[in-house]
$ cat target04.cif   # mmCIF, C-alpha atoms
data_data
#
loop_
_atom_site.label_atom_id
_atom_site.label_comp_id
_atom_site.auth_asym_id
_atom_site.auth_seq_id
_atom_site.Cartn_x
_atom_site.Cartn_y
_atom_site.Cartn_z
CA MET A 454 5.29 36.92 -9.88
CA LEU A 455 8.94 35.95 -10.14
CA SER A 456 8.93 34.22 -6.78
CA GLY A 457 6.84 31.34 -8.15
CA PRO A 458 9.58 29.48 -10.06
CA VAL A 459 12.09 30.19 -7.29
CA VAL A 460 9.84 28.56 -4.70
CA LEU A 461 9.10 25.66 -7.03
CA ALA A 462 12.80 25.07 -7.61
CA GLY A 463 13.12 24.40 -3.89
CA CYS A 464 10.43 21.78 -3.92
CA ILE A 465 11.26 18.12 -3.53
CA GLN A 466 10.33 16.26 -6.69
CA VAL A 467 8.16 13.26 -6.04
CA ASP A 468 7.46 11.12 -9.08
CA ALA A 469 4.07 9.49 -9.02
CA PRO A 470 4.24 5.73 -9.50
CA SER A 471 2.91 4.63 -12.88
CA GLU A 472 0.38 2.41 -11.19
CA PRO A 473 -1.27 3.98 -8.16
CA ILE A 474 -1.84 1.53 -5.35
CA VAL A 475 -5.50 1.64 -4.49
CA ILE A 476 -6.28 0.70 -0.93
CA GLU A 477 -9.90 -0.17 -0.45
CA LEU A 478 -9.66 -1.28 3.12
CA ASN A 479 -12.55 -0.53 5.35
CA ILE A 480 -10.99 0.75 8.54
CA ASN A 481 -14.21 0.03 10.39
CA ILE A 482 -13.85 -3.73 10.04
CA GLN A 483 -12.88 -5.13 13.43
CA SER A 484 -10.34 -7.89 13.98
CA GLU A 485 -12.99 -9.99 15.76
CA VAL A 486 -14.83 -10.33 12.47
CA LEU A 487 -11.66 -11.56 10.75
CA VAL A 488 -11.05 -14.11 13.48
CA ARG A 489 -14.60 -15.42 13.07
CA LEU A 490 -14.25 -15.75 9.29
CA ALA A 491 -10.66 -17.06 9.16
CA GLU A 492 -11.40 -20.77 9.10
CA ASP A 493 -14.16 -20.38 6.52
CA ALA A 494 -11.97 -18.23 4.27
CA GLU A 495 -9.09 -20.69 4.55
CA GLY A 496 -11.37 -23.44 3.20
CA THR A 497 -12.64 -21.18 0.44
CA ILE A 498 -9.11 -20.46 -0.75
CA GLU A 499 -8.26 -24.16 -0.83
CA GLU A 500 -11.45 -25.02 -2.73
CA ASN A 501 -10.74 -22.32 -5.29
CA ALA A 502 -7.02 -22.88 -5.75
CA ASP A 503 -7.21 -21.90 -9.42
CA ILE A 504 -8.02 -18.26 -8.60
CA PHE A 505 -5.84 -17.87 -5.49
CA MET B 1326 -33.51 -63.65 3.98
CA LYS B 1327 -30.04 -63.80 5.34
CA GLN B 1328 -28.60 -63.91 1.85
CA ILE B 1329 -30.50 -60.80 0.86
CA SER B 1330 -29.27 -58.80 3.82
CA MET B 1331 -25.72 -59.98 3.14
CA ARG B 1332 -26.00 -58.73 -0.43
CA LYS B 1333 -27.41 -55.46 0.84
CA ALA B 1334 -24.52 -55.09 3.24
CA TRP B 1335 -22.07 -55.75 0.45
CA LEU B 1336 -23.72 -53.13 -1.75
CA VAL B 1337 -23.60 -50.58 1.05
CA ALA B 1338 -19.93 -51.36 1.61
CA ALA B 1339 -19.19 -51.04 -2.11
CA ALA B 1340 -21.03 -47.72 -2.30
CA GLY B 1341 -19.10 -46.51 0.73
CA ALA B 1342 -15.78 -47.52 -0.80
CA MET B 1343 -16.69 -45.72 -4.01
CA ALA B 1344 -17.63 -42.59 -2.09
CA ILE B 1345 -14.32 -42.64 -0.22
CA THR B 1346 -12.35 -43.18 -3.42
CA GLY B 1347 -14.25 -40.33 -5.01
CA LEU B 1348 -13.43 -38.01 -2.14
CA ALA B 1349 -9.77 -38.98 -2.12
CA GLY B 1350 -9.68 -38.35 -5.84
CA THR B 1351 -10.96 -34.78 -5.50
CA ALA B 1352 -8.37 -32.50 -6.99
CA TYR B 1353 -9.06 -28.80 -6.92
CA ALA B 1354 -8.33 -26.93 -10.13
CA GLN B 1355 -4.87 -25.44 -10.38
CA ARG B 1356 -3.81 -21.94 -11.50
CA ASP B 1357 -3.57 -21.54 -15.23
CA PRO B 1358 0.02 -21.20 -16.53
CA ALA B 1359 -0.24 -17.47 -17.36
CA TYR B 1360 -1.42 -16.67 -13.84
CA ALA B 1361 1.19 -18.93 -12.26
CA GLU B 1362 3.92 -17.23 -14.30
CA ALA B 1363 2.69 -13.72 -13.44
CA ARG B 1364 2.78 -14.57 -9.73
CA ALA B 1365 6.17 -16.26 -9.83
CA SER B 1366 7.74 -13.36 -11.73
CA GLY B 1367 6.23 -10.76 -9.40
CA LYS B 1368 4.13 -9.05 -12.07
CA VAL B 1369 1.06 -9.52 -9.93
CA GLY B 1370 0.75 -9.65 -6.18
CA GLU B 1371 -1.71 -10.27 -3.37
CA LYS B 1372 -3.36 -7.12 -2.07
CA MET B 1373 -4.55 -6.66 1.50
CA ASP B 1374 -8.16 -6.31 0.40
CA GLY B 1375 -8.34 -9.88 -0.87
CA TYR B 1376 -7.83 -9.10 -4.54
CA LEU B 1377 -4.96 -9.43 -6.98
CA GLY B 1378 -3.02 -6.34 -8.05
CA ILE B 1379 -0.55 -5.46 -10.79
CA VAL B 1380 2.94 -4.72 -9.53
CA GLY B 1381 4.74 -2.24 -11.76
CA THR B 1382 3.69 -1.25 -15.24
CA PRO B 1383 0.31 -2.61 -16.29
CA THR B 1384 -0.15 -4.16 -19.71
CA PRO B 1385 -3.51 -4.96 -21.31
CA GLU B 1386 -2.67 -8.63 -20.92
CA LEU B 1387 -1.95 -8.34 -17.19
CA GLN B 1388 -5.01 -6.18 -16.71
CA ARG B 1389 -7.19 -8.83 -18.33
CA LEU B 1390 -5.67 -11.57 -16.21
CA VAL B 1391 -6.10 -9.63 -12.96
CA ASN B 1392 -9.64 -8.50 -13.79
CA ASP B 1393 -10.65 -12.05 -14.68
CA ILE B 1394 -9.36 -13.45 -11.39
CA ASN B 1395 -10.75 -10.61 -9.31
CA ILE B 1396 -14.22 -10.97 -10.81
CA LYS B 1397 -14.15 -14.67 -9.95
CA ARG B 1398 -12.86 -13.95 -6.45
CA LYS B 1399 -15.58 -11.38 -5.86
CA ALA B 1400 -18.24 -13.89 -6.89
CA VAL B 1401 -16.83 -16.42 -4.44
CA TYR B 1402 -16.50 -13.84 -1.64
CA SER B 1403 -20.05 -12.68 -2.26
CA GLU B 1404 -21.52 -16.16 -1.94
CA LYS B 1405 -19.39 -17.18 1.05
CA ALA B 1406 -19.96 -13.90 2.86
CA ARG B 1407 -23.70 -14.30 2.49
CA GLN B 1408 -23.53 -17.81 3.95
CA ALA B 1409 -21.37 -16.60 6.84
CA GLY B 1410 -23.52 -13.55 7.54
CA ALA B 1411 -20.70 -11.14 6.77
CA THR B 1412 -20.18 -8.36 4.24
CA ILE B 1413 -18.18 -8.99 1.05
CA GLU B 1414 -15.52 -6.55 2.28
CA GLU B 1415 -15.16 -8.35 5.61
CA TYR B 1416 -14.86 -11.70 3.92
CA ALA B 1417 -12.46 -10.39 1.26
CA LEU B 1418 -10.23 -8.73 3.87
CA THR B 1419 -10.05 -12.01 5.80
CA ALA B 1420 -9.21 -13.91 2.63
CA GLY B 1421 -6.55 -11.28 1.87
CA CYS B 1422 -4.85 -11.95 5.21
CA ILE B 1423 -4.76 -15.67 4.44
CA ALA B 1424 -3.77 -15.28 0.78
CA ILE B 1425 -0.82 -13.10 1.87
CA SER B 1426 0.19 -15.73 4.43
CA LYS B 1427 0.15 -18.34 1.69
CA THR B 1428 2.47 -16.43 -0.67
CA VAL B 1429 5.83 -18.08 -1.28
CA PRO B 1430 9.18 -16.44 -2.08
CA PRO B 1431 9.63 -14.50 -4.33
CA GLU B 1432 5.95 -13.62 -4.85
CA MET B 1433 4.78 -10.07 -4.19
CA TYR B 1434 2.26 -8.91 -1.63
CA GLN B 1435 0.94 -5.64 -0.31
CA GLY B 1436 2.29 -4.63 3.08
CA PRO B 1437 0.32 -2.88 5.85
CA ARG B 1438 1.21 0.56 4.51
CA GLY B 1439 0.08 -0.27 0.99
CA GLU B 1440 3.56 -0.84 -0.42
CA TRP B 1441 4.47 -3.85 -2.54
CA LEU B 1442 6.81 -6.22 -0.73
CA GLU B 1443 8.57 -9.34 -1.90
CA ARG B 1444 7.78 -12.41 0.14
CA THR B 1445 10.86 -13.81 1.83
CA ASN B 1446 11.24 -16.81 4.10
CA ALA B 1447 10.21 -14.59 7.01
CA PRO B 1448 6.51 -14.28 7.84
CA PRO B 1449 4.82 -11.57 5.73
CA GLN B 1450 3.99 -8.16 7.16
CA ARG B 1451 0.24 -8.06 7.52
CA ASP B 1452 -2.55 -5.81 8.70
CA SER B 1453 -2.73 -5.82 12.51
CA ARG B 1454 -6.30 -7.12 12.31
CA CYS B 1455 -5.26 -10.30 10.50
CA PRO B 1456 -5.94 -13.49 12.47
CA ALA B 1457 -2.86 -15.44 13.55
#
$ encode --input "target04.cif" --output "structure tokens"
Amino acid sequence: MLSGPVVLAGCIQVDAPSEPIVIELNINIQSEVLVRLAEDAEGTIEENADIF
Amino acid sequence: MKQISMRKAWLVAAAGAMAITGLAGTAYAQRDPAYAEARASGKVGEKMDGYLGIVGTPTPELQRLVNDINIKRKAVYSEKARQAGATIEEYALTAGCIAISKTVPPEMYQGPRGEWLERTNAPPQRDSRCPA
């Protein structure tokens, strides 16, 4: 029972960031799809400059 | 007869000139000042997934700003993705690549490992799938 705190004392303290970074990337999306959509998305960003 | 066709031609030319002037006068809406300030001060940054994120400690104000923009972005992605025959996630990821490319120093963006990075004069670090 006493070994618990001793072991814990040896642990490296990692402070969690206040705001967790949420990554919602779909790893299944292939680069070919991005290449196909690039020009279209570029235009979309320019047309909607107020929200980009 | 000739006079009529001349007048017609003039009208067509005038309409054309007006159309060209109208096009040249198209100015896309700009960022509102609160959003521009949040970007410039690094309180918000461009995420890889095509949406805006809060860098550092969130405040209700920042949360509102980011949510508002992200809802609008999602609506745009949704419509454009449908037209392009892609999923919203595919379209958003592509837009994220481009939005990160378009950041200017010292704006913040999310690097390939999910960490927040400050944009420098060097090209940004992007997902390996991002188009050149």
$ closest_residue --input "target04.cif" --among "B:Glu1386, B:Glu1404, B:Glu1414, B:Glu1443" --to "chain A" --atoms "all atoms listed in the file"
B:Glu1414
$ residues_around --input "target04.cif" --residues "Gln1435 (chain B)" --least-positions-apart "2" --cutoff "9 Å" --atoms "all atoms listed in the file" --output "PyMOL selection string"
chain B and resi 1370-1373+1378+1425+1433+1437-1443+1450-1451
$ residues_around --input "target04.cif" --residues "Leu1390 (chain B)" --least-positions-apart "5" --cutoff "10 Å" --atoms "only C-alpha atoms" --output "mmCIF file with C-alpha atoms, in the frame of the given file"
data_model
loop_
_atom_site.group_PDB
_atom_site.id
_atom_site.type_symbol
_atom_site.label_atom_id
_atom_site.label_comp_id
_atom_site.auth_asym_id
_atom_site.auth_seq_id
_atom_site.Cartn_x
_atom_site.Cartn_y
_atom_site.Cartn_z
ATOM 1 C CA ALA B 1359 -0.240 -17.470 -17.360
ATOM 2 C CA TYR B 1360 -1.420 -16.670 -13.840
ATOM 3 C CA ALA B 1363 2.690 -13.720 -13.440
ATOM 4 C CA VAL B 1369 1.060 -9.520 -9.930
ATOM 5 C CA LEU B 1377 -4.960 -9.430 -6.980
ATOM 6 C CA ILE B 1379 -0.550 -5.460 -10.790
ATOM 7 C CA THR B 1384 -0.150 -4.160 -19.710
ATOM 8 C CA PRO B 1385 -3.510 -4.960 -21.310
ATOM 9 C CA ASN B 1395 -10.750 -10.610 -9.310
#
$ closest_residue --input "target04.cif" --among "B:Asp1374, B:Ala1457, B:Gln1388, B:Pro1383" --to "Gly1436 (chain B)" --atoms "only C-alpha atoms"
B:Asp1374
$ residues_around --input "target04.cif" --residues "Ile498 (chain A)" --least-positions-apart "6" --cutoff "10 Å" --atoms "only C-alpha atoms" --output "ChimeraX atom specification"
/A:504-505 /B:1398,1401-1402,1420-1421,1423-1424,1427
$ atom_distance --input "target04.cif" --atom1 "CA of Gln1355 (chain B)" --atom2 "CA of Leu1418 (chain B)"
22.6 Å
$ decode --input "target04.cif" --residues "region 1334-1457 of chain B" --atoms "C-alpha atoms" --output "PDB file, in the first residue's frame"
ATOM      1  CA  ALA B1334     -25.540  47.943 -81.089  1.00  0.00           C
ATOM      2  CA  TRP B1335     -25.005  50.959 -78.878  1.00  0.00           C
ATOM      3  CA  LEU B1336     -27.356  49.556 -76.242  1.00  0.00           C
ATOM      4  CA  VAL B1337     -25.566  46.214 -76.294  1.00  0.00           C
ATOM      5  CA  ALA B1338     -22.232  47.989 -75.922  1.00  0.00           C
ATOM      6  CA  ALA B1339     -23.554  50.079 -73.027  1.00  0.00           C
ATOM      7  CA  ALA B1340     -24.943  46.998 -71.299  1.00  0.00           C
ATOM      8  CA  GLY B1341     -21.611  45.258 -71.779  1.00  0.00           C
ATOM      9  CA  ALA B1342     -19.708  48.195 -70.324  1.00  0.00           C
ATOM     10  CA  MET B1343     -22.030  48.249 -67.327  1.00  0.00           C
ATOM     11  CA  ALA B1344     -21.559  44.533 -66.786  1.00  0.00           C
ATOM     12  CA  ILE B1345     -17.776  44.908 -66.894  1.00  0.00           C
ATOM     13  CA  THR B1346     -17.858  47.856 -64.496  1.00  0.00           C
ATOM     14  CA  GLY B1347     -20.081  45.852 -62.192  1.00  0.00           C
ATOM     15  CA  LEU B1348     -17.673  42.936 -62.207  1.00  0.00           C
ATOM     16  CA  ALA B1349     -14.659  45.137 -61.606  1.00  0.00           C
ATOM     17  CA  GLY B1350     -16.505  46.738 -58.729  1.00  0.00           C
ATOM     18  CA  THR B1351     -17.121  43.413 -56.983  1.00  0.00           C
ATOM     19  CA  ALA B1352     -15.547  43.620 -53.576  1.00  0.00           C
ATOM     20  CA  TYR B1353     -15.790  40.586 -51.355  1.00  0.00           C
ATOM     21  CA  ALA B1354     -16.729  41.259 -47.752  1.00  0.00           C
ATOM     22  CA  GLN B1355     -13.829  41.732 -45.380  1.00  0.00           C
ATOM     23  CA  ARG B1356     -13.246  40.218 -41.923  1.00  0.00           C
ATOM     24  CA  ASP B1357     -14.990  42.045 -39.138  1.00  0.00           C
ATOM     25  CA  PRO B1358     -12.630  43.982 -36.823  1.00  0.00           C
ATOM     26  CA  ALA B1359     -12.991  41.599 -33.849  1.00  0.00           C
ATOM     27  CA  TYR B1360     -12.052  38.606 -36.007  1.00  0.00           C
ATOM     28  CA  ALA B1361      -9.190  40.477 -37.663  1.00  0.00           C
ATOM     29  CA  GLU B1362      -7.839  41.467 -34.248  1.00  0.00           C
ATOM     30  CA  ALA B1363      -8.135  37.925 -32.851  1.00  0.00           C
ATOM     31  CA  ARG B1364      -6.158  36.570 -35.810  1.00  0.00           C
ATOM     32  CA  ALA B1365      -3.494  39.261 -35.717  1.00  0.00           C
ATOM     33  CA  SER B1366      -2.943  38.809 -31.979  1.00  0.00           C
ATOM     34  CA  GLY B1367      -2.768  35.017 -32.252  1.00  0.00           C
ATOM     35  CA  LYS B1368      -5.823  34.362 -30.087  1.00  0.00           C
ATOM     36  CA  VAL B1369      -7.312  32.281 -32.856  1.00  0.00           C
ATOM     37  CA  GLY B1370      -5.592  30.210 -35.488  1.00  0.00           C
ATOM     38  CA  GLU B1371      -6.223  28.119 -38.581  1.00  0.00           C
ATOM     39  CA  LYS B1372      -6.674  24.431 -37.872  1.00  0.00           C
ATOM     40  CA  MET B1373      -5.736  21.666 -40.289  1.00  0.00           C
ATOM     41  CA  ASP B1374      -9.339  20.521 -40.582  1.00  0.00           C
ATOM     42  CA  GLY B1375     -10.456  23.754 -42.235  1.00  0.00           C
ATOM     43  CA  TYR B1376     -11.908  25.385 -39.149  1.00  0.00           C
ATOM     44  CA  LEU B1377     -10.816  28.130 -36.795  1.00  0.00           C
ATOM     45  CA  GLY B1378      -9.500  27.249 -33.331  1.00  0.00           C
ATOM     46  CA  ILE B1379      -8.807  29.112 -30.104  1.00  0.00           C
ATOM     47  CA  VAL B1380      -5.127  29.314 -29.216  1.00  0.00           C
ATOM     48  CA  GLY B1381      -4.600  29.457 -25.463  1.00  0.00           C
ATOM     49  CA  THR B1382      -7.257  30.189 -22.893  1.00  0.00           C
ATOM     50  CA  PRO B1383     -10.769  30.362 -24.308  1.00  0.00           C
ATOM     51  CA  THR B1384     -13.098  33.166 -23.281  1.00  0.00           C
ATOM     52  CA  PRO B1385     -16.848  33.242 -23.946  1.00  0.00           C
ATOM     53  CA  GLU B1386     -16.227  36.056 -26.392  1.00  0.00           C
ATOM     54  CA  LEU B1387     -13.611  34.118 -28.377  1.00  0.00           C
ATOM     55  CA  GLN B1388     -15.764  31.013 -28.277  1.00  0.00           C
ATOM     56  CA  ARG B1389     -18.677  32.943 -29.772  1.00  0.00           C
ATOM     57  CA  LEU B1390     -16.489  34.416 -32.481  1.00  0.00           C
ATOM     58  CA  VAL B1391     -14.968  31.061 -33.430  1.00  0.00           C
ATOM     59  CA  ASN B1392     -18.303  29.225 -33.348  1.00  0.00           C
ATOM     60  CA  ASP B1393     -19.913  31.884 -35.522  1.00  0.00           C
ATOM     61  CA  ILE B1394     -17.191  31.655 -38.158  1.00  0.00           C
ATOM     62  CA  ASN B1395     -17.028  27.873 -38.071  1.00  0.00           C
ATOM     63  CA  ILE B1396     -20.785  27.520 -38.540  1.00  0.00           C
ATOM     64  CA  LYS B1397     -20.562  29.792 -41.579  1.00  0.00           C
ATOM     65  CA  ARG B1398     -17.554  27.895 -42.922  1.00  0.00           C
ATOM     66  CA  LYS B1399     -19.330  24.581 -42.510  1.00  0.00           C
ATOM     67  CA  ALA B1400     -22.329  25.881 -44.454  1.00  0.00           C
ATOM     68  CA  VAL B1401     -20.030  26.984 -47.276  1.00  0.00           C
ATOM     69  CA  TYR B1402     -18.062  23.704 -47.237  1.00  0.00           C
ATOM     70  CA  SER B1403     -21.290  21.735 -47.268  1.00  0.00           C
ATOM     71  CA  GLU B1404     -22.640  23.504 -50.348  1.00  0.00           C
ATOM     72  CA  LYS B1405     -19.341  23.503 -52.244  1.00  0.00           C
ATOM     73  CA  ALA B1406     -18.590  19.882 -51.392  1.00  0.00           C
ATOM     74  CA  ARG B1407     -21.982  18.841 -52.719  1.00  0.00           C
ATOM     75  CA  GLN B1408     -21.341  20.685 -55.981  1.00  0.00           C
ATOM     76  CA  ALA B1409     -17.887  19.119 -56.294  1.00  0.00           C
ATOM     77  CA  GLY B1410     -19.084  15.619 -55.437  1.00  0.00           C
ATOM     78  CA  ALA B1411     -16.923  15.440 -52.328  1.00  0.00           C
ATOM     79  CA  THR B1412     -17.605  14.990 -48.624  1.00  0.00           C
ATOM     80  CA  ILE B1413     -17.660  18.006 -46.280  1.00  0.00           C
ATOM     81  CA  GLU B1414     -14.572  16.643 -44.508  1.00  0.00           C
ATOM     82  CA  GLU B1415     -12.644  16.300 -47.769  1.00  0.00           C
ATOM     83  CA  TYR B1416     -13.553  19.802 -48.830  1.00  0.00           C
ATOM     84  CA  ALA B1417     -12.837  21.268 -45.388  1.00  0.00           C
ATOM     85  CA  LEU B1418      -9.441  19.555 -45.196  1.00  0.00           C
ATOM     86  CA  THR B1419      -8.525  20.976 -48.605  1.00  0.00           C
ATOM     87  CA  ALA B1420      -9.649  24.442 -47.542  1.00  0.00           C
ATOM     88  CA  GLY B1421      -7.600  24.025 -44.350  1.00  0.00           C
ATOM     89  CA  CYS B1422      -4.443  23.402 -46.384  1.00  0.00           C
ATOM     90  CA  ILE B1423      -5.073  26.575 -48.370  1.00  0.00           C
ATOM     91  CA  ALA B1424      -6.152  28.687 -45.387  1.00  0.00           C
ATOM     92  CA  ILE B1425      -2.914  27.710 -43.601  1.00  0.00           C
ATOM     93  CA  SER B1426      -0.912  28.668 -46.697  1.00  0.00           C
ATOM     94  CA  LYS B1427      -2.613  32.049 -46.690  1.00  0.00           C
ATOM     95  CA  THR B1428      -1.756  32.878 -43.067  1.00  0.00           C
ATOM     96  CA  VAL B1429       0.620  35.803 -42.630  1.00  0.00           C
ATOM     97  CA  PRO B1430       3.151  36.419 -39.835  1.00  0.00           C
ATOM     98  CA  PRO B1431       2.494  36.405 -36.901  1.00  0.00           C
ATOM     99  CA  GLU B1432      -0.816  34.532 -37.239  1.00  0.00           C
ATOM    100  CA  MET B1433      -1.165  31.091 -35.676  1.00  0.00           C
ATOM    101  CA  TYR B1434      -1.843  27.811 -37.426  1.00  0.00           C
ATOM    102  CA  GLN B1435      -1.987  24.161 -36.522  1.00  0.00           C
ATOM    103  CA  GLY B1436       1.024  22.137 -37.578  1.00  0.00           C
ATOM    104  CA  PRO B1437       0.979  18.543 -38.873  1.00  0.00           C
ATOM    105  CA  ARG B1438       1.295  17.118 -35.364  1.00  0.00           C
ATOM    106  CA  GLY B1439      -1.594  19.175 -34.029  1.00  0.00           C
ATOM    107  CA  GLU B1440       0.544  21.786 -32.305  1.00  0.00           C
ATOM    108  CA  TRP B1441      -0.054  25.521 -32.645  1.00  0.00           C
ATOM    109  CA  LEU B1442       2.691  27.233 -34.612  1.00  0.00           C
ATOM    110  CA  GLU B1443       3.306  30.872 -35.358  1.00  0.00           C
ATOM    111  CA  ARG B1444       3.475  31.690 -39.037  1.00  0.00           C
ATOM    112  CA  THR B1445       6.865  33.058 -40.019  1.00  0.00           C
ATOM    113  CA  ASN B1446       8.144  34.183 -43.391  1.00  0.00           C
ATOM    114  CA  ALA B1447       9.002  30.554 -44.137  1.00  0.00           C
ATOM    115  CA  PRO B1448       6.343  28.351 -45.750  1.00  0.00           C
ATOM    116  CA  PRO B1449       4.017  26.822 -43.129  1.00  0.00           C
ATOM    117  CA  GLN B1450       4.351  23.199 -42.034  1.00  0.00           C
ATOM    118  CA  ARG B1451       1.384  21.386 -43.498  1.00  0.00           C
ATOM    119  CA  ASP B1452      -0.165  17.954 -43.702  1.00  0.00           C
ATOM    120  CA  SER B1453       1.710  15.816 -46.249  1.00  0.00           C
ATOM    121  CA  ARG B1454      -1.513  15.412 -48.230  1.00  0.00           C
ATOM    122  CA  CYS B1455      -1.849  19.155 -48.851  1.00  0.00           C
ATOM    123  CA  PRO B1456      -1.632  20.129 -52.525  1.00  0.00           C
ATOM    124  CA  ALA B1457       1.383  22.240 -53.481  1.00  0.00           C
TER     125      ALA B1457
END
